[in-house]
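For reference, the structure is listed below as structure tokens.
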Amino acid sequence: MFNFKWLTRARKHVSSQNTARTALRLENLEAREVPAVLIQVDYSRDVGGFFNNADARAVIERVASELGGSLNADLAAIAPAGGNTWTATFTDPATGGQAGVSNLAVGANTLRVYVGARSLPGSEAGYGGFGGYSITGTQAWISTVQTRGHAGFSPWGGSITFDNSQNWHFGQTASNLAGNQLDFYSVATHELGHVLGIGTAPQWTSQVRNGAFYGANANALYGGAVPLDPSGAHWADGVTLGGQSVSLDPALIFGARVGWSALDAAALRDLGWGATAAAAQPAATPAPATPTSAPAAPTFTAVPVATQSPVAFTGNADGTVSLFTVAGGVLTDTGRRLTPFAGYRGAIRVASGDFNGDGTTDYAFTTGAGPQAVVQLMDGSTGALLVGQTVIFQGFTGGLFLAAADIDRDGRSELVVSADTGAGPHIQTFRIANGGMQLQSSFFAFDNPAFRGGARVAAGDLNHDGFADVVVTTGGQAEGRVAIYTGADLRNGVATRLTPDFIAFSGLWSGLNAAVGDMDGDGFAELAISLDKGPAHVKVWSGATLSGNPGVQPSNLGLVGSFFAFAPTDPSGARLALRDSNGDGRAELFAVSTSKTSSFARVFSFEQMQAGGGGAPTAAPFGTPVTYDGIYVG
């Protein structure tokens, strides 16, 4: 067995002010309960370079995303100013001594966790615990730092130290985990549990009596008081739930993976976190519907395509996806069909990109509202699975949106994921490798985790620097707005605006759909925005104009196109994609209707777009205008 150790940091008297959440920049929104906490992993104390290993980073970021996403809390920001100052203190992962950061700014619903490694004594695999502080200022300020406006355990963050002398397994799965290796995912999950207060928080200690934990949620799940190890900071060695191991056991066997359990999550609820029963991300209030069927062998007829890049259309009542190219400005059915979710007949959303670097377009699929949200990737050459059904936001049934482009300039597309209405605007980008999805970046768009109107995404290289940028639009419940994040920073996990946020259609409260692609062949992608409901008005900005005026709101810049994709009297709105489907080096603009009963599509060249859409024929891709939820294209 392999013993874990933990770190408990004493907390000084502190305080805080009940600061309001930051609203979307252009409009105050109704405050709502936040469905996830963003755990920011800080590598500044990793002086030994332990996390120079990209696989180690990918695992710790994944753990932070999973556990942060499982939390439901409303934490006030810590924003020192004037005479209100503080110093965040924590165990330095590099030295084991106490470190301090003066006037650390911590965002609302955010925790900062410093990580690093050094040689630890004995059989210790890692230390984890929440941070302390010293503070000066008003009582309201002190209260803000101490409680963050939250009734339960509410740290600013903390630190985790890993033993750099271990034979670590840094895999995303337990595949190839050798019997002489220690699973990094398991240890990171365990130690982050200590940062979140298990075994360390005052709220934990207050519920420990006679060698057992008496938290109501944990006791109800376990069937009585849960026995603890002699330290009182872990479950007793060997405690299981339903025959399954638990993360906060004091020991881990070499060659084994132990994930977050329902008992661990129940303990967090007893500390005052709103925690789901398993590692999760933004969850909405509706109960999960029947999940999609297990992955089945996809139906796919491979047809070699030398220069064309087929575009996927979804909406078929039988759950299949149709692939089209454009010939002479006319949609041409390739005859190829994919079935990403066997037995599923609901809405399917799609994005395309070269995820495996073989030069052929691959496809990513997800579901609309109803089932547990999953993502699946399919090889465009063979129809084989690149990534099987993967849950992104555990327990979320509101549907996802996808985009794909090469964010880190490695010749392969990354996948961008956002959640629809009911979840906060939590955006994640993933690298695709080794049959799985490795988290690249995770952030809340619009600086407002409380916004629950959903978010939609698009991606492409707007500023011609070789790194695909990510566009995020609101899905509803607000005057539709757009935020653009530079890919050059997202590749390193940092969300930085390329332009100021802006309102695309002033005064209209509608979800927005976006697409990014180079329509004129100048190397700068164009940005197209449409209304999801209402007249199918499409506006198009030049990437050269956007990136050439970085301090100017795009709504104040000139357009290269503004037209109605369908009749101005049609209230169905439009969904968009920009893809070079015919291999001429210029993207065509695909506009499809959101209507269930009049599901039509049009394809526009750059010249047709500039001419107000003239000359582009209208087609019903499936031979009928009736679909499950309109058409999605990607």
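Chain labels follow the order of the structure tokens: the first chain is A, the next B, and so on; residue numbering restarts at 1 in every chain, and ligands are counted from 1 in their shown order.
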
Please provide the set of residues having any atom within 9 Å of Phe600 in chain A, restricted to only C-alpha atoms, with same-chain residues fewer than 5 positions apart removed, written as a list in words.
Phe566, Ala591, Val592, Ser593, Thr594, Ser595, Thr618, Ala619, Ala620, Pro621, Thr624, Pro625, Gly630 and Ile631 of chain A

Every residue of range 126-231 of chain A that DSSP places in helix (DSSP H, G or I), as an MDAnalysis selection string
chainID A and resid 139:147 184:195 202:205 216:222

Would you output that residue set with N, CA, C and O atoms, as a short mmCIF file (atom, residue, chain, number, x, y, z; two decimals), in the first residue's frame?
data_model
loop_
_atom_site.label_atom_id
_atom_site.label_comp_id
_atom_site.auth_asym_id
_atom_site.auth_seq_id
_atom_site.Cartn_x
_atom_site.Cartn_y
_atom_site.Cartn_z
N GLN A 139 -13.84 45.66 8.01
CA GLN A 139 -14.44 44.40 8.43
C GLN A 139 -15.15 43.71 7.26
O GLN A 139 -15.11 42.49 7.12
N ALA A 140 -15.74 44.50 6.38
CA ALA A 140 -16.40 43.91 5.22
C ALA A 140 -15.39 43.22 4.31
O ALA A 140 -15.64 42.13 3.79
N TRP A 141 -14.22 43.83 4.14
CA TRP A 141 -13.16 43.22 3.33
C TRP A 141 -12.65 41.93 3.97
O TRP A 141 -12.46 40.91 3.30
N ILE A 142 -12.44 41.98 5.28
CA ILE A 142 -11.98 40.79 6.00
C ILE A 142 -13.00 39.66 5.84
O ILE A 142 -12.64 38.51 5.59
N SER A 143 -14.27 40.01 5.93
CA SER A 143 -15.31 39.00 5.79
C SER A 143 -15.33 38.40 4.38
O SER A 143 -15.57 37.20 4.20
N THR A 144 -15.04 39.21 3.38
CA THR A 144 -15.01 38.71 2.01
C THR A 144 -13.94 37.64 1.84
O THR A 144 -14.17 36.57 1.28
N VAL A 145 -12.74 37.92 2.33
CA VAL A 145 -11.66 36.95 2.18
C VAL A 145 -11.95 35.69 2.99
O VAL A 145 -11.64 34.58 2.57
N GLN A 146 -12.56 35.87 4.16
CA GLN A 146 -12.81 34.72 5.04
C GLN A 146 -13.93 33.83 4.53
O GLN A 146 -13.79 32.61 4.51
N THR A 147 -15.04 34.42 4.11
CA THR A 147 -16.21 33.62 3.76
C THR A 147 -16.54 33.61 2.28
O THR A 147 -17.28 32.74 1.83
N PHE A 184 -1.02 9.07 -11.38
CA PHE A 184 -1.02 10.50 -11.07
C PHE A 184 -2.44 11.04 -10.98
O PHE A 184 -2.74 11.89 -10.13
N TYR A 185 -3.32 10.58 -11.83
CA TYR A 185 -4.71 11.04 -11.78
C TYR A 185 -5.32 10.76 -10.40
O TYR A 185 -6.00 11.62 -9.82
N SER A 186 -5.09 9.57 -9.86
CA SER A 186 -5.66 9.20 -8.57
C SER A 186 -5.12 10.09 -7.45
O SER A 186 -5.86 10.56 -6.58
N VAL A 187 -3.80 10.32 -7.48
CA VAL A 187 -3.18 11.13 -6.42
C VAL A 187 -3.63 12.58 -6.52
O VAL A 187 -3.94 13.23 -5.51
N ALA A 188 -3.67 13.11 -7.74
CA ALA A 188 -4.09 14.50 -7.92
C ALA A 188 -5.53 14.70 -7.45
O ALA A 188 -5.86 15.70 -6.80
N THR A 189 -6.40 13.75 -7.74
CA THR A 189 -7.79 13.84 -7.29
C THR A 189 -7.87 13.82 -5.77
O THR A 189 -8.58 14.64 -5.16
N HIS A 190 -7.14 12.92 -5.15
CA HIS A 190 -7.11 12.80 -3.69
C HIS A 190 -6.65 14.12 -3.06
O HIS A 190 -7.28 14.64 -2.13
N GLU A 191 -5.53 14.66 -3.54
CA GLU A 191 -4.97 15.86 -2.92
C GLU A 191 -5.84 17.08 -3.15
O GLU A 191 -5.95 17.94 -2.28
N LEU A 192 -6.47 17.18 -4.31
CA LEU A 192 -7.38 18.30 -4.52
C LEU A 192 -8.59 18.19 -3.60
O LEU A 192 -9.16 19.21 -3.18
N GLY A 193 -8.99 16.96 -3.25
CA GLY A 193 -10.04 16.79 -2.24
C GLY A 193 -9.66 17.42 -0.92
O GLY A 193 -10.50 18.00 -0.22
N HIS A 194 -8.36 17.35 -0.54
CA HIS A 194 -7.90 18.01 0.69
C HIS A 194 -7.95 19.53 0.54
O HIS A 194 -8.30 20.24 1.50
N VAL A 195 -7.58 20.04 -0.63
CA VAL A 195 -7.67 21.48 -0.85
C VAL A 195 -9.11 21.96 -0.67
O VAL A 195 -9.36 23.04 -0.12
N PRO A 202 -12.22 23.37 8.87
CA PRO A 202 -12.91 23.39 10.18
C PRO A 202 -14.27 22.71 10.11
O PRO A 202 -14.71 22.09 11.08
N GLN A 203 -14.95 22.85 8.94
CA GLN A 203 -16.27 22.22 8.80
C GLN A 203 -16.15 20.69 8.82
O GLN A 203 -17.12 20.01 9.14
N TRP A 204 -15.01 20.17 8.45
CA TRP A 204 -14.78 18.73 8.55
C TRP A 204 -14.56 18.34 10.01
O TRP A 204 -15.20 17.44 10.53
N THR A 205 -13.64 19.03 10.67
CA THR A 205 -13.28 18.71 12.05
C THR A 205 -14.49 18.77 12.97
O THR A 205 -14.63 17.95 13.89
N ALA A 216 -24.16 14.60 7.60
CA ALA A 216 -25.47 14.02 7.29
C ALA A 216 -25.50 13.38 5.90
O ALA A 216 -26.07 12.30 5.70
N ASN A 217 -24.90 14.04 4.91
CA ASN A 217 -24.94 13.50 3.55
C ASN A 217 -24.12 12.22 3.43
O ASN A 217 -24.56 11.23 2.83
N ALA A 218 -22.92 12.25 4.01
CA ALA A 218 -22.07 11.06 3.95
C ALA A 218 -22.70 9.90 4.72
O ALA A 218 -22.68 8.75 4.27
N ASN A 219 -23.31 10.20 5.88
CA ASN A 219 -23.91 9.15 6.70
C ASN A 219 -25.12 8.53 6.01
O ASN A 219 -25.33 7.31 6.06
N ALA A 220 -25.93 9.37 5.34
CA ALA A 220 -27.10 8.84 4.65
C ALA A 220 -26.68 7.92 3.52
O ALA A 220 -27.32 6.89 3.27
N LEU A 221 -25.61 8.26 2.85
CA LEU A 221 -25.13 7.45 1.74
C LEU A 221 -24.47 6.16 2.22
O LEU A 221 -24.68 5.09 1.65
N TYR A 222 -23.68 6.28 3.29
CA TYR A 222 -22.92 5.14 3.78
C TYR A 222 -23.77 4.20 4.66
O TYR A 222 -23.45 3.02 4.83
#

Do a neighbour search on Ala58 in chain A at 12 Å with only C-alpha atoms, toss out local chain neighbours closer than 6 positions, and write the hits as a ChimeraX atom specification.
/A:41,51-52,64-65,170-173,184-185,188,429-433,436-442,492-493

Ala36 in chain A environment, 12 Å, only C-alpha atoms, sequence neighbours closer than 6 positions dropped, as an MDAnalysis selection string:
chainID A and resid 64:75 108:111 273:276 279:284 393:394 396 422:427 442:444 448:452

Write out as an MDAnalysis selection string which residues come within 12 Å of Gly614 in chain A when counting only C-alpha atoms, dropping same-chain ones fewer than 5 positions away.
chainID A and resid 329 563:567 602:609

Print the selection's residues with N, CA and C atoms to a file, as a JSON list (two decimals), in the first residue's frame.
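To be explicit, this is the file written out as again-v2.json:
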[["chain", "number", "residue", "atom", "x", "y", "z"],
["A", 329, "GLY", "N", -21.54, 25.88, -56.81],
["A", 329, "GLY", "CA", -22.42, 26.62, -55.92],
["A", 329, "GLY", "C", -23.63, 25.84, -55.45],
["A", 563, "PHE", "N", -26.74, 40.67, -44.84],
["A", 563, "PHE", "CA", -27.82, 40.22, -45.72],
["A", 563, "PHE", "C", -28.70, 39.24, -44.97],
["A", 564, "PHE", "N", -29.82, 38.89, -45.59],
["A", 564, "PHE", "CA", -30.73, 37.89, -45.04],
["A", 564, "PHE", "C", -30.51, 36.57, -45.77],
["A", 565, "ALA", "N", -30.19, 35.52, -45.00],
["A", 565, "ALA", "CA", -29.95, 34.21, -45.60],
["A", 565, "ALA", "C", -31.24, 33.62, -46.17],
["A", 566, "PHE", "N", -32.37, 33.94, -45.52],
["A", 566, "PHE", "CA", -33.68, 33.51, -45.99],
["A", 566, "PHE", "C", -34.58, 34.74, -46.05],
["A", 567, "ALA", "N", -35.83, 34.54, -46.38],
["A", 567, "ALA", "CA", -36.73, 35.68, -46.51],
["A", 567, "ALA", "C", -36.78, 36.49, -45.22],
["A", 602, "ARG", "N", -28.66, 27.14, -47.67],
["A", 602, "ARG", "CA", -28.10, 27.90, -48.79],
["A", 602, "ARG", "C", -26.59, 27.98, -48.59],
["A", 603, "VAL", "N", -25.85, 28.08, -49.69],
["A", 603, "VAL", "CA", -24.40, 28.18, -49.65],
["A", 603, "VAL", "C", -23.99, 29.43, -50.42],
["A", 604, "PHE", "N", -23.14, 30.27, -49.80],
["A", 604, "PHE", "CA", -22.77, 31.55, -50.38],
["A", 604, "PHE", "C", -21.25, 31.62, -50.58],
["A", 605, "SER", "N", -20.85, 32.01, -51.77],
["A", 605, "SER", "CA", -19.45, 32.38, -51.98],
["A", 605, "SER", "C", -19.22, 33.77, -51.41],
["A", 606, "PHE", "N", -17.95, 34.18, -51.37],
["A", 606, "PHE", "CA", -17.64, 35.52, -50.86],
["A", 606, "PHE", "C", -18.36, 36.58, -51.69],
["A", 607, "GLU", "N", -18.37, 36.41, -53.01],
["A", 607, "GLU", "CA", -18.99, 37.39, -53.88],
["A", 607, "GLU", "C", -20.51, 37.41, -53.69],
["A", 608, "GLN", "N", -21.11, 36.24, -53.55],
["A", 608, "GLN", "CA", -22.56, 36.19, -53.32],
["A", 608, "GLN", "C", -22.92, 36.81, -51.98],
["A", 609, "MET", "N", -22.09, 36.55, -50.96],
["A", 609, "MET", "CA", -22.33, 37.16, -49.66],
["A", 609, "MET", "C", -22.29, 38.68, -49.76]]

Neighbour list for Gly96 in chain A as an mmCIF file with N, CA, C and O atoms, in the first residue's frame, cut-off 10 Å, only C-alpha atoms, skip fewer than 2 positions in-chain:
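That gives us part_17.cif:
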data_model
loop_
_atom_site.group_PDB
_atom_site.id
_atom_site.type_symbol
_atom_site.label_atom_id
_atom_site.label_comp_id
_atom_site.auth_asym_id
_atom_site.auth_seq_id
_atom_site.Cartn_x
_atom_site.Cartn_y
_atom_site.Cartn_z
ATOM 1 N N PHE A 90 0.641 29.845 1.717
ATOM 2 C CA PHE A 90 0.454 28.438 1.398
ATOM 3 C C PHE A 90 1.797 27.735 1.484
ATOM 4 O O PHE A 90 2.861 28.379 1.506
ATOM 5 N N THR A 91 1.770 26.420 1.551
ATOM 6 C CA THR A 91 3.004 25.651 1.535
ATOM 7 C C THR A 91 3.591 25.663 0.133
ATOM 8 O O THR A 91 2.926 25.297 -0.835
ATOM 9 N N ASP A 92 4.831 26.118 0.033
ATOM 10 C CA ASP A 92 5.496 26.208 -1.255
ATOM 11 C C ASP A 92 5.831 24.800 -1.749
ATOM 12 O O ASP A 92 6.591 24.079 -1.101
ATOM 13 N N PRO A 93 5.267 24.374 -2.893
ATOM 14 C CA PRO A 93 5.557 23.017 -3.380
ATOM 15 C C PRO A 93 7.040 22.770 -3.643
ATOM 16 O O PRO A 93 7.492 21.627 -3.586
ATOM 17 N N ALA A 94 7.790 23.822 -3.909
ATOM 18 C CA ALA A 94 9.202 23.646 -4.244
ATOM 19 C C ALA A 94 10.078 23.446 -3.017
ATOM 20 O O ALA A 94 11.093 22.749 -3.088
ATOM 21 N N GLN A 98 6.736 28.092 3.978
ATOM 22 C CA GLN A 98 5.558 28.903 3.717
ATOM 23 C C GLN A 98 5.879 29.976 2.685
ATOM 24 O O GLN A 98 6.882 30.670 2.783
ATOM 25 N N ALA A 99 5.029 30.095 1.700
ATOM 26 C CA ALA A 99 5.159 31.112 0.666
ATOM 27 C C ALA A 99 3.997 32.091 0.795
ATOM 28 O O ALA A 99 2.966 31.777 1.391
ATOM 29 N N ALA A 117 6.529 20.168 -7.366
ATOM 30 C CA ALA A 117 7.017 18.875 -6.888
ATOM 31 C C ALA A 117 8.388 19.024 -6.251
ATOM 32 O O ALA A 117 9.152 19.946 -6.557
ATOM 33 N N ARG A 118 8.657 18.110 -5.358
ATOM 34 C CA ARG A 118 9.992 17.962 -4.768
ATOM 35 C C ARG A 118 10.062 16.540 -4.217
ATOM 36 O O ARG A 118 9.054 15.820 -4.219
ATOM 37 N N LEU A 120 9.722 13.953 -1.546
ATOM 38 C CA LEU A 120 9.034 13.878 -0.263
ATOM 39 C C LEU A 120 9.567 12.689 0.536
ATOM 40 O O LEU A 120 9.959 11.668 -0.042
ATOM 41 N N TYR A 127 1.192 16.166 -0.918
ATOM 42 C CA TYR A 127 0.577 16.989 0.118
ATOM 43 C C TYR A 127 -0.453 17.878 -0.550
ATOM 44 O O TYR A 127 -0.191 18.449 -1.608
ATOM 45 N N THR A 161 1.637 19.515 -3.461
ATOM 46 C CA THR A 161 3.008 19.107 -3.753
ATOM 47 C C THR A 161 3.021 17.626 -4.105
ATOM 48 O O THR A 161 2.427 16.808 -3.400
#

Using only C-alpha atoms, what table do you get, as JSON lines, when you list each residue of range 542-577 of chain A with an atom no more than 12 Å from range 531-538 of chain A, its nearest pair of atoms, and their distance in Å rounded to one decimal, rows by chain then rising number?
{"residue": "A:Leu559", "atom": "CA", "partner": "A:Val538", "partner_atom": "CA", "distance": 10.6}
{"residue": "A:Val560", "atom": "CA", "partner": "A:Val538", "partner_atom": "CA", "distance": 10.9}
{"residue": "A:Gly561", "atom": "CA", "partner": "A:Val538", "partner_atom": "CA", "distance": 7.8}
{"residue": "A:Ser562", "atom": "CA", "partner": "A:Val538", "partner_atom": "CA", "distance": 5.6}
{"residue": "A:Phe563", "atom": "CA", "partner": "A:Val538", "partner_atom": "CA", "distance": 5.5}
{"residue": "A:Phe564", "atom": "CA", "partner": "A:His537", "partner_atom": "CA", "distance": 4.4}
{"residue": "A:Ala565", "atom": "CA", "partner": "A:Ala536", "partner_atom": "CA", "distance": 5.5}
{"residue": "A:Phe566", "atom": "CA", "partner": "A:Ala536", "partner_atom": "CA", "distance": 5.9}
{"residue": "A:Ala567", "atom": "CA", "partner": "A:Pro535", "partner_atom": "CA", "distance": 7.5}
{"residue": "A:Pro568", "atom": "CA", "partner": "A:Pro535", "partner_atom": "CA", "distance": 5.3}
{"residue": "A:Thr569", "atom": "CA", "partner": "A:Pro535", "partner_atom": "CA", "distance": 6.4}
{"residue": "A:Asp570", "atom": "CA", "partner": "A:Pro535", "partner_atom": "CA", "distance": 5.7}
{"residue": "A:Pro571", "atom": "CA", "partner": "A:Gly534", "partner_atom": "CA", "distance": 4.0}
{"residue": "A:Ser572", "atom": "CA", "partner": "A:Lys533", "partner_atom": "CA", "distance": 5.4}
{"residue": "A:Gly573", "atom": "CA", "partner": "A:Ala536", "partner_atom": "CA", "distance": 4.1}
{"residue": "A:Ala574", "atom": "CA", "partner": "A:Ala536", "partner_atom": "CA", "distance": 5.1}
{"residue": "A:Arg575", "atom": "CA", "partner": "A:Asp532", "partner_atom": "CA", "distance": 6.6}
{"residue": "A:Leu576", "atom": "CA", "partner": "A:Val538", "partner_atom": "CA", "distance": 9.0}
{"residue": "A:Ala577", "atom": "CA", "partner": "A:Val538", "partner_atom": "CA", "distance": 11.7}
